[in-house]
$ cat my_file-v4.pdb   # PDB, C-alpha atoms
ATOM      1  CA  MET A   1     -39.192 -84.307  -7.010
ATOM      2  CA  TYR A   2     -39.368 -80.541  -6.603
ATOM      3  CA  ILE A   3     -36.418 -80.114  -9.017
ATOM      4  CA  PHE A   4     -38.361 -81.655 -11.918
ATOM      5  CA  ARG A   5     -41.356 -79.462 -11.172
ATOM      6  CA  ALA A   6     -39.081 -76.424 -10.928
ATOM      7  CA  LEU A   7     -37.725 -77.298 -14.385
ATOM      8  CA  ALA A   8     -41.267 -77.564 -15.765
ATOM      9  CA  ALA A   9     -42.134 -74.169 -14.292
ATOM     10  CA  TRP A  10     -38.964 -72.732 -15.808
ATOM     11  CA  LEU A  11     -40.018 -74.035 -19.237
ATOM     12  CA  LEU A  12     -43.223 -72.048 -18.815
ATOM     13  CA  ILE A  13     -41.206 -68.989 -17.760
ATOM     14  CA  SER A  14     -38.907 -69.304 -20.768
ATOM     15  CA  PHE A  15     -41.866 -69.718 -23.120
ATOM     16  CA  ALA A  16     -43.675 -66.704 -21.612
ATOM     17  CA  GLU A  17     -40.512 -64.596 -21.781
ATOM     18  CA  SER A  18     -39.854 -65.656 -25.382
ATOM     19  CA  VAL A  19     -43.356 -64.618 -26.430
ATOM     20  CA  HIS A  20     -42.932 -61.438 -24.404
ATOM     21  CA  GLY A  21     -39.615 -60.656 -26.148
ATOM     22  CA  THR A  22     -41.088 -61.307 -29.571
ATOM     23  CA  LEU A  23     -44.034 -59.017 -28.878
ATOM     24  CA  ARG A  24     -41.635 -56.358 -27.578
ATOM     25  CA  GLN A  25     -39.621 -56.447 -30.800
ATOM     26  CA  LEU A  26     -42.667 -56.481 -33.071
ATOM     27  CA  PHE A  27     -44.853 -53.873 -31.402
ATOM     28  CA  LEU A  28     -43.064 -51.854 -28.723
ATOM     29  CA  ALA A  29     -39.549 -51.329 -30.107
ATOM     30  CA  PRO A  30     -40.731 -49.738 -33.380
ATOM     31  CA  VAL A  31     -42.692 -47.172 -31.382
ATOM     32  CA  VAL A  32     -40.305 -46.268 -28.534
ATOM     33  CA  GLY A  33     -36.946 -47.618 -29.755
ATOM     34  CA  ASP A  34     -35.082 -50.757 -28.781
ATOM     35  CA  PHE A  35     -33.399 -49.455 -25.632
ATOM     36  CA  THR A  36     -36.577 -47.981 -24.135
ATOM     37  CA  ALA A  37     -38.555 -51.052 -25.143
ATOM     38  CA  ARG A  38     -36.096 -53.276 -23.274
ATOM     39  CA  ARG A  39     -36.371 -51.114 -20.160
ATOM     40  CA  ILE A  40     -40.173 -51.185 -20.234
ATOM     41  CA  ALA A  41     -40.192 -54.900 -20.953
ATOM     42  CA  PHE A  42     -37.939 -55.548 -17.947
ATOM     43  CA  PHE A  43     -40.761 -54.641 -15.578
ATOM     44  CA  VAL A  44     -43.344 -56.629 -17.513
ATOM     45  CA  GLY A  45     -40.956 -59.586 -17.540
ATOM     46  CA  MET A  46     -40.478 -59.412 -13.778
ATOM     47  CA  PHE A  47     -44.241 -59.422 -13.365
ATOM     48  CA  LEU A  48     -44.486 -62.504 -15.604
ATOM     49  CA  ILE A  49     -41.793 -64.375 -13.695
ATOM     50  CA  PHE A  50     -43.242 -63.540 -10.314
ATOM     51  CA  GLY A  51     -46.761 -64.381 -11.516
ATOM     52  CA  ILE A  52     -45.661 -67.816 -12.681
ATOM     53  CA  ALA A  53     -43.765 -68.367  -9.431
ATOM     54  CA  TYR A  54     -46.825 -67.294  -7.446
ATOM     55  CA  PHE A  55     -49.216 -69.641  -9.238
ATOM     56  CA  PHE A  56     -46.886 -72.646  -9.384
ATOM     57  CA  ILE A  57     -44.960 -72.481  -6.107
ATOM     58  CA  ARG A  58     -47.298 -74.855  -4.248
ATOM     59  CA  TRP A  59     -47.225 -77.315  -7.145
ATOM     60  CA  ILE A  60     -43.409 -77.250  -7.156
ATOM     61  CA  CYS A  61     -43.496 -78.544  -3.536
ATOM     62  CA  ALA A  62     -40.240 -76.991  -2.342
ATOM     63  CA  GLU A  63     -40.462 -77.553   1.407
ATOM     64  CA  ASN A  64     -38.128 -74.972   2.942
ATOM     65  CA  ALA A  65     -36.202 -71.792   2.220
ATOM     66  CA  LYS A  66     -33.131 -73.720   1.053
ATOM     67  CA  GLN A  67     -35.172 -75.562  -1.573
ATOM     68  CA  LEU A  68     -36.992 -72.388  -2.607
ATOM     69  CA  PHE A  69     -33.676 -70.602  -3.182
ATOM     70  CA  ALA A  70     -32.393 -73.681  -5.036
ATOM     71  CA  VAL A  71     -35.384 -73.372  -7.367
ATOM     72  CA  GLY A  72     -34.605 -69.687  -7.914
ATOM     73  CA  LEU A  73     -30.949 -70.427  -8.540
ATOM     74  CA  ILE A  74     -31.841 -73.139 -11.064
ATOM     75  CA  TRP A  75     -34.172 -70.697 -12.823
ATOM     76  CA  MET A  76     -31.456 -68.039 -12.896
ATOM     77  CA  VAL A  77     -28.778 -70.366 -14.307
ATOM     78  CA  LEU A  78     -31.103 -71.831 -16.940
ATOM     79  CA  THR A  79     -32.308 -68.376 -17.938
ATOM     80  CA  THR A  80     -28.757 -67.088 -18.306
ATOM     81  CA  LEU A  81     -27.757 -70.067 -20.435
ATOM     82  CA  PHE A  82     -30.914 -69.748 -22.528
ATOM     83  CA  GLU A  83     -30.494 -65.991 -22.947
ATOM     84  CA  PHE A  84     -26.890 -66.191 -24.095
ATOM     85  CA  GLY A  85     -27.451 -69.303 -26.208
ATOM     86  CA  LEU A  86     -30.425 -67.798 -28.006
ATOM     87  CA  GLY A  87     -28.831 -64.385 -28.379
ATOM     88  CA  ARG A  88     -25.482 -65.592 -29.632
ATOM     89  CA  PHE A  89     -26.296 -68.677 -31.677
ATOM     90  CA  VAL A  90     -29.840 -68.071 -32.940
ATOM     91  CA  LEU A  91     -30.248 -64.283 -33.132
ATOM     92  CA  ASN A  92     -26.547 -63.698 -33.912
ATOM     93  CA  TYR A  93     -26.219 -60.869 -31.384
ATOM     94  CA  SER A  94     -22.713 -59.702 -30.605
ATOM     95  CA  TRP A  95     -21.300 -60.242 -27.133
ATOM     96  CA  GLU A  96     -21.334 -56.456 -26.696
ATOM     97  CA  ARG A  97     -25.063 -56.297 -27.487
ATOM     98  CA  MET A  98     -25.883 -59.104 -25.044
ATOM     99  CA  LEU A  99     -23.701 -57.750 -22.241
ATOM    100  CA  GLU A 100     -25.294 -54.318 -22.663
ATOM    101  CA  ASP A 101     -28.384 -55.724 -20.935
ATOM    102  CA  TYR A 102     -26.243 -56.332 -17.819
ATOM    103  CA  ASN A 103     -24.385 -53.005 -17.798
ATOM    104  CA  ILE A 104     -26.089 -50.925 -15.108
ATOM    105  CA  SER A 105     -24.212 -47.768 -16.125
ATOM    106  CA  ARG A 106     -25.797 -48.050 -19.585
ATOM    107  CA  GLY A 107     -29.298 -48.785 -18.267
ATOM    108  CA  GLY A 108     -29.086 -52.584 -18.416
ATOM    109  CA  MET A 109     -31.334 -54.258 -15.883
ATOM    110  CA  MET A 110     -30.898 -57.987 -16.539
ATOM    111  CA  GLY A 111     -28.700 -58.391 -13.466
ATOM    112  CA  PHE A 112     -31.567 -57.140 -11.320
ATOM    113  CA  GLY A 113     -33.912 -59.475 -13.150
ATOM    114  CA  LEU A 114     -31.724 -62.490 -12.462
ATOM    115  CA  LEU A 115     -31.450 -61.483  -8.812
ATOM    116  CA  LEU A 116     -35.220 -61.214  -8.564
ATOM    117  CA  MET A 117     -35.506 -64.609 -10.226
ATOM    118  CA  ILE A 118     -33.456 -66.164  -7.411
ATOM    119  CA  PHE A 119     -35.791 -64.658  -4.812
ATOM    120  CA  ALA A 120     -39.088 -65.117  -6.694
ATOM    121  CA  PRO A 121     -39.892 -68.656  -5.438
ATOM    122  CA  TRP A 122     -39.163 -67.737  -1.820
ATOM    123  CA  LEU A 123     -41.140 -64.494  -2.058
ATOM    124  CA  ALA A 124     -44.056 -66.237  -3.782
ATOM    125  CA  ALA A 125     -44.117 -68.893  -1.053
ATOM    126  CA  LYS A 126     -44.102 -66.212   1.653
ATOM    127  CA  ILE A 127     -46.965 -64.321   0.047
ATOM    128  CA  ARG A 128     -48.975 -67.490  -0.586
ATOM    129  CA  GLY A 129     -48.441 -68.573   3.019
TER     130      GLY A 129
END
$ encode --input "my_file-v4.pdb" --output "structure tokens"
Amino acid sequence: MYIFRALAAWLLISFAESVHGTLRQLFLAPVVGDFTARRIAFFVGMFLIFGIAYFFIRWICAENAKQLFAVGLIWMVLTTLFEFGLGRFVLNYSWERMLEDYNISRGGMMGFGLLLMIFAPWLAAKIRG
């Protein structure tokens, strides 16, 4: 049962992140540039993901650390698939542009974001008690 609830929570995460990305492109990127806007938005995005995890972790009903990490892993896989699917097939980004977000040497932070996503349910459960 917790898997279906984890999927529902992920839908909320993907919606929140999509709105967040749209707002970044419309309002922040024109002011500070695309690269800087993506770096700033990384931290806001992590706050959004953790906030959703924090408020929904009890509702998800994952009962132990293994299930909590399974939820995080599901979120990470779905987010990666969504990110690349949207970027490549809807926004027509090049592979180079999309992979730039993962290249640490060029300031890409998505890898850290996906790692945090794996740990977010477990951390939220620990904080919530």
$ resolve_selection --input "my_file-v4.pdb" --expression "the PyMOL selection byres ((chain A and resi 67) around 12)" --output "ChimeraX atom specification"
/A:1-3,6,57,60-66,68-74,118-119,121-122,125
$ atom_distance --input "my_file-v4.pdb" --atom1 "CA of Arg39 in chain A" --atom2 "CA of Phe56 in chain A"
26.3 Å
$ closest_atom_pairs --input "my_file-v4.pdb" --of "range 62-87 of chain A" --to "range 102-105 of chain A" --cutoff "12 Å" --atoms "only C-alpha atoms" --output "CSV"
residue,atom,partner,partner_atom,distance
A:Thr80,CA,A:Tyr102,CA,11.1
A:Glu83,CA,A:Tyr102,CA,11.7
A:Phe84,CA,A:Tyr102,CA,11.7
$ atom_distance --input "my_file-v4.pdb" --atom1 "CA of Thr36 in chain A" --atom2 "CA of Leu99 in chain A"
16.3 Å
$ resolve_selection --input "my_file-v4.pdb" --expression "the PyMOL selection byres ((chain A and resi 94-97) around 12)" --output "PDB file with C-alpha atoms, in the frame of the given file"
ATOM      1  CA  ASP A  34     -35.082 -50.757 -28.781  1.00  0.00           C
ATOM      2  CA  PHE A  35     -33.399 -49.455 -25.632  1.00  0.00           C
ATOM      3  CA  GLU A  83     -30.494 -65.991 -22.947  1.00  0.00           C
ATOM      4  CA  PHE A  84     -26.890 -66.191 -24.095  1.00  0.00           C
ATOM      5  CA  GLY A  85     -27.451 -69.303 -26.208  1.00  0.00           C
ATOM      6  CA  LEU A  86     -30.425 -67.798 -28.006  1.00  0.00           C
ATOM      7  CA  GLY A  87     -28.831 -64.385 -28.379  1.00  0.00           C
ATOM      8  CA  ARG A  88     -25.482 -65.592 -29.632  1.00  0.00           C
ATOM      9  CA  PHE A  89     -26.296 -68.677 -31.677  1.00  0.00           C
ATOM     10  CA  VAL A  90     -29.840 -68.071 -32.940  1.00  0.00           C
ATOM     11  CA  LEU A  91     -30.248 -64.283 -33.132  1.00  0.00           C
ATOM     12  CA  ASN A  92     -26.547 -63.698 -33.912  1.00  0.00           C
ATOM     13  CA  TYR A  93     -26.219 -60.869 -31.384  1.00  0.00           C
ATOM     14  CA  MET A  98     -25.883 -59.104 -25.044  1.00  0.00           C
ATOM     15  CA  LEU A  99     -23.701 -57.750 -22.241  1.00  0.00           C
ATOM     16  CA  GLU A 100     -25.294 -54.318 -22.663  1.00  0.00           C
ATOM     17  CA  ASP A 101     -28.384 -55.724 -20.935  1.00  0.00           C
ATOM     18  CA  TYR A 102     -26.243 -56.332 -17.819  1.00  0.00           C
ATOM     19  CA  ASN A 103     -24.385 -53.005 -17.798  1.00  0.00           C
ATOM     20  CA  ARG A 106     -25.797 -48.050 -19.585  1.00  0.00           C
ATOM     21  CA  GLY A 108     -29.086 -52.584 -18.416  1.00  0.00           C
TER      22      GLY A 108
END
$ atom_distance --input "my_file-v4.pdb" --atom1 "CA of Thr22 in chain A" --atom2 "CA of Leu123 in chain A"
27.7 Å
$ residues_near_point --input "my_file-v4.pdb" --point "(-38.5, -72.6, -17.4)" --cutoff "10 Å" --atoms "all atoms listed in the file" --output "list of chain:residue names"
A:Arg5, A:Ala6, A:Leu7, A:Ala8, A:Ala9, A:Trp10, A:Leu11, A:Leu12, A:Ile13, A:Ser14, A:Phe15, A:Ala16, A:Glu17, A:Ile49, A:Ile52, A:Ile74, A:Trp75, A:Met76, A:Leu78, A:Thr79, A:Phe82
$ write_last_selection --input "my_file-v4.pdb" --atoms "C-alpha atoms" --output "compact mmCIF listing (two decimals), in the frame of the given file"
# COMPACT_ATOMS: atom_id res chain seq x y z
CA ARG A 5 -41.36 -79.46 -11.17
CA ALA A 6 -39.08 -76.42 -10.93
CA LEU A 7 -37.72 -77.30 -14.38
CA ALA A 8 -41.27 -77.56 -15.76
CA ALA A 9 -42.13 -74.17 -14.29
CA TRP A 10 -38.96 -72.73 -15.81
CA LEU A 11 -40.02 -74.04 -19.24
CA LEU A 12 -43.22 -72.05 -18.82
CA ILE A 13 -41.21 -68.99 -17.76
CA SER A 14 -38.91 -69.30 -20.77
CA PHE A 15 -41.87 -69.72 -23.12
CA ALA A 16 -43.68 -66.70 -21.61
CA GLU A 17 -40.51 -64.60 -21.78
CA ILE A 49 -41.79 -64.38 -13.70
CA ILE A 52 -45.66 -67.82 -12.68
CA ILE A 74 -31.84 -73.14 -11.06
CA TRP A 75 -34.17 -70.70 -12.82
CA MET A 76 -31.46 -68.04 -12.90
CA LEU A 78 -31.10 -71.83 -16.94
CA THR A 79 -32.31 -68.38 -17.94
CA PHE A 82 -30.91 -69.75 -22.53
$ closest_residue --input "my_file-v4.pdb" --among "A:Met110, A:Ala120, A:Gly129, A:His20" --to "Val44 in chain A" --atoms "only C-alpha atoms"
A:His20
$ residues_near_point --input "my_file-v4.pdb" --point "(-40.5, -59.2, -28.2)" --cutoff "12 Å" --atoms "all atoms listed in the file" --output "PDB file with C-alpha atoms, in the frame of the given file"
ATOM      1  CA  PHE A  15     -41.866 -69.718 -23.120  1.00  0.00           C
ATOM      2  CA  ALA A  16     -43.675 -66.704 -21.612  1.00  0.00           C
ATOM      3  CA  GLU A  17     -40.512 -64.596 -21.781  1.00  0.00           C
ATOM      4  CA  SER A  18     -39.854 -65.656 -25.382  1.00  0.00           C
ATOM      5  CA  VAL A  19     -43.356 -64.618 -26.430  1.00  0.00           C
ATOM      6  CA  HIS A  20     -42.932 -61.438 -24.404  1.00  0.00           C
ATOM      7  CA  GLY A  21     -39.615 -60.656 -26.148  1.00  0.00           C
ATOM      8  CA  THR A  22     -41.088 -61.307 -29.571  1.00  0.00           C
ATOM      9  CA  LEU A  23     -44.034 -59.017 -28.878  1.00  0.00           C
ATOM     10  CA  ARG A  24     -41.635 -56.358 -27.578  1.00  0.00           C
ATOM     11  CA  GLN A  25     -39.621 -56.447 -30.800  1.00  0.00           C
ATOM     12  CA  LEU A  26     -42.667 -56.481 -33.071  1.00  0.00           C
ATOM     13  CA  PHE A  27     -44.853 -53.873 -31.402  1.00  0.00           C
ATOM     14  CA  LEU A  28     -43.064 -51.854 -28.723  1.00  0.00           C
ATOM     15  CA  ALA A  29     -39.549 -51.329 -30.107  1.00  0.00           C
ATOM     16  CA  PRO A  30     -40.731 -49.738 -33.380  1.00  0.00           C
ATOM     17  CA  ASP A  34     -35.082 -50.757 -28.781  1.00  0.00           C
ATOM     18  CA  ALA A  37     -38.555 -51.052 -25.143  1.00  0.00           C
ATOM     19  CA  ARG A  38     -36.096 -53.276 -23.274  1.00  0.00           C
ATOM     20  CA  ILE A  40     -40.173 -51.185 -20.234  1.00  0.00           C
ATOM     21  CA  ALA A  41     -40.192 -54.900 -20.953  1.00  0.00           C
ATOM     22  CA  PHE A  42     -37.939 -55.548 -17.947  1.00  0.00           C
ATOM     23  CA  VAL A  44     -43.344 -56.629 -17.513  1.00  0.00           C
ATOM     24  CA  GLY A  45     -40.956 -59.586 -17.540  1.00  0.00           C
TER      25      GLY A  45
END
$ closest_residue --input "my_file-v4.pdb" --among "A:Val77, A:Ile127, A:Met46, A:Val32" --to "Gly113 in chain A" --atoms "all atoms listed in the file"
A:Met46
$ build_atoms --input "my_file-v4.pdb" --residues "range 99-122 of chain A" --atoms "N, CA, C and O atoms" --output "mmCIF file, keeping the file's coordinate frame"
data_model
loop_
_atom_site.group_PDB
_atom_site.id
_atom_site.type_symbol
_atom_site.label_atom_id
_atom_site.label_comp_id
_atom_site.auth_asym_id
_atom_site.auth_seq_id
_atom_site.Cartn_x
_atom_site.Cartn_y
_atom_site.Cartn_z
ATOM 1 N N LEU A 99 -24.186 -58.228 -23.533
ATOM 2 C CA LEU A 99 -23.701 -57.750 -22.241
ATOM 3 C C LEU A 99 -24.246 -56.374 -21.895
ATOM 4 O O LEU A 99 -24.278 -55.994 -20.725
ATOM 5 N N GLU A 100 -24.693 -55.629 -22.898
ATOM 6 C CA GLU A 100 -25.294 -54.318 -22.663
ATOM 7 C C GLU A 100 -26.492 -54.425 -21.712
ATOM 8 O O GLU A 100 -26.731 -53.542 -20.903
ATOM 9 N N ASP A 101 -27.222 -55.529 -21.807
ATOM 10 C CA ASP A 101 -28.384 -55.724 -20.935
ATOM 11 C C ASP A 101 -27.995 -55.884 -19.471
ATOM 12 O O ASP A 101 -28.843 -55.774 -18.584
ATOM 13 N N TYR A 102 -26.727 -56.150 -19.191
ATOM 14 C CA TYR A 102 -26.243 -56.332 -17.819
ATOM 15 C C TYR A 102 -25.467 -55.127 -17.302
ATOM 16 O O TYR A 102 -25.118 -55.075 -16.124
ATOM 17 N N ASN A 103 -25.189 -54.164 -18.159
ATOM 18 C CA ASN A 103 -24.385 -53.005 -17.798
ATOM 19 C C ASN A 103 -25.281 -51.937 -17.164
ATOM 20 O O ASN A 103 -25.971 -51.196 -17.868
ATOM 21 N N ILE A 104 -25.234 -51.850 -15.853
ATOM 22 C CA ILE A 104 -26.089 -50.925 -15.108
ATOM 23 C C ILE A 104 -25.816 -49.479 -15.513
ATOM 24 O O ILE A 104 -26.742 -48.683 -15.631
ATOM 25 N N SER A 105 -24.553 -49.145 -15.767
ATOM 26 C CA SER A 105 -24.212 -47.768 -16.125
ATOM 27 C C SER A 105 -24.803 -47.360 -17.467
ATOM 28 O O SER A 105 -24.922 -46.181 -17.758
ATOM 29 N N ARG A 106 -25.184 -48.343 -18.285
ATOM 30 C CA ARG A 106 -25.797 -48.050 -19.585
ATOM 31 C C ARG A 106 -27.289 -48.367 -19.578
ATOM 32 O O ARG A 106 -27.916 -48.471 -20.625
ATOM 33 N N GLY A 107 -27.862 -48.553 -18.381
ATOM 34 C CA GLY A 107 -29.298 -48.785 -18.267
ATOM 35 C C GLY A 107 -29.714 -50.240 -18.311
ATOM 36 O O GLY A 107 -30.901 -50.544 -18.279
ATOM 37 N N GLY A 108 -28.757 -51.161 -18.388
ATOM 38 C CA GLY A 108 -29.086 -52.584 -18.416
ATOM 39 C C GLY A 108 -29.631 -53.048 -17.076
ATOM 40 O O GLY A 108 -29.104 -52.688 -16.022
ATOM 41 N N MET A 109 -30.673 -53.843 -17.125
ATOM 42 C CA MET A 109 -31.334 -54.258 -15.883
ATOM 43 C C MET A 109 -31.413 -55.773 -15.713
ATOM 44 O O MET A 109 -31.998 -56.255 -14.759
ATOM 45 N N MET A 110 -30.804 -56.531 -16.617
ATOM 46 C CA MET A 110 -30.898 -57.987 -16.539
ATOM 47 C C MET A 110 -30.315 -58.543 -15.249
ATOM 48 O O MET A 110 -30.808 -59.530 -14.717
ATOM 49 N N GLY A 111 -29.269 -57.936 -14.732
ATOM 50 C CA GLY A 111 -28.700 -58.391 -13.466
ATOM 51 C C GLY A 111 -29.728 -58.331 -12.345
ATOM 52 O O GLY A 111 -29.832 -59.266 -11.530
ATOM 53 N N PHE A 112 -30.504 -57.251 -12.315
ATOM 54 C CA PHE A 112 -31.567 -57.140 -11.320
ATOM 55 C C PHE A 112 -32.640 -58.202 -11.558
ATOM 56 O O PHE A 112 -33.196 -58.762 -10.618
ATOM 57 N N GLY A 113 -32.925 -58.457 -12.814
ATOM 58 C CA GLY A 113 -33.912 -59.475 -13.150
ATOM 59 C C GLY A 113 -33.487 -60.856 -12.690
ATOM 60 O O GLY A 113 -34.293 -61.614 -12.141
ATOM 61 N N LEU A 114 -32.222 -61.189 -12.898
ATOM 62 C CA LEU A 114 -31.724 -62.490 -12.462
ATOM 63 C C LEU A 114 -31.720 -62.587 -10.941
ATOM 64 O O LEU A 114 -32.018 -63.643 -10.376
ATOM 65 N N LEU A 115 -31.405 -61.495 -10.275
ATOM 66 C CA LEU A 115 -31.450 -61.483 -8.812
ATOM 67 C C LEU A 115 -32.879 -61.698 -8.317
ATOM 68 O O LEU A 115 -33.113 -62.496 -7.402
ATOM 69 N N LEU A 116 -33.825 -61.018 -8.934
ATOM 70 C CA LEU A 116 -35.220 -61.214 -8.564
ATOM 71 C C LEU A 116 -35.653 -62.652 -8.825
ATOM 72 O O LEU A 116 -36.403 -63.238 -8.042
ATOM 73 N N MET A 117 -35.142 -63.232 -9.900
ATOM 74 C CA MET A 117 -35.506 -64.609 -10.226
ATOM 75 C C MET A 117 -35.075 -65.571 -9.117
ATOM 76 O O MET A 117 -35.784 -66.523 -8.808
ATOM 77 N N ILE A 118 -33.922 -65.318 -8.515
ATOM 78 C CA ILE A 118 -33.456 -66.164 -7.411
ATOM 79 C C ILE A 118 -34.418 -66.070 -6.236
ATOM 80 O O ILE A 118 -34.720 -67.069 -5.580
ATOM 81 N N PHE A 119 -34.921 -64.876 -5.965
ATOM 82 C CA PHE A 119 -35.791 -64.658 -4.812
ATOM 83 C C PHE A 119 -37.268 -64.913 -5.085
ATOM 84 O O PHE A 119 -38.061 -65.038 -4.148
ATOM 85 N N ALA A 120 -37.671 -64.994 -6.342
ATOM 86 C CA ALA A 120 -39.088 -65.117 -6.694
ATOM 87 C C ALA A 120 -39.783 -66.323 -6.048
ATOM 88 O O ALA A 120 -40.881 -66.170 -5.507
ATOM 89 N N PRO A 121 -39.197 -67.520 -6.067
ATOM 90 C CA PRO A 121 -39.892 -68.656 -5.438
ATOM 91 C C PRO A 121 -40.087 -68.457 -3.933
ATOM 92 O O PRO A 121 -41.165 -68.727 -3.398
ATOM 93 N N TRP A 122 -39.066 -67.964 -3.265
ATOM 94 C CA TRP A 122 -39.163 -67.737 -1.820
ATOM 95 C C TRP A 122 -40.209 -66.668 -1.515
ATOM 96 O O TRP A 122 -41.055 -66.845 -0.632
#
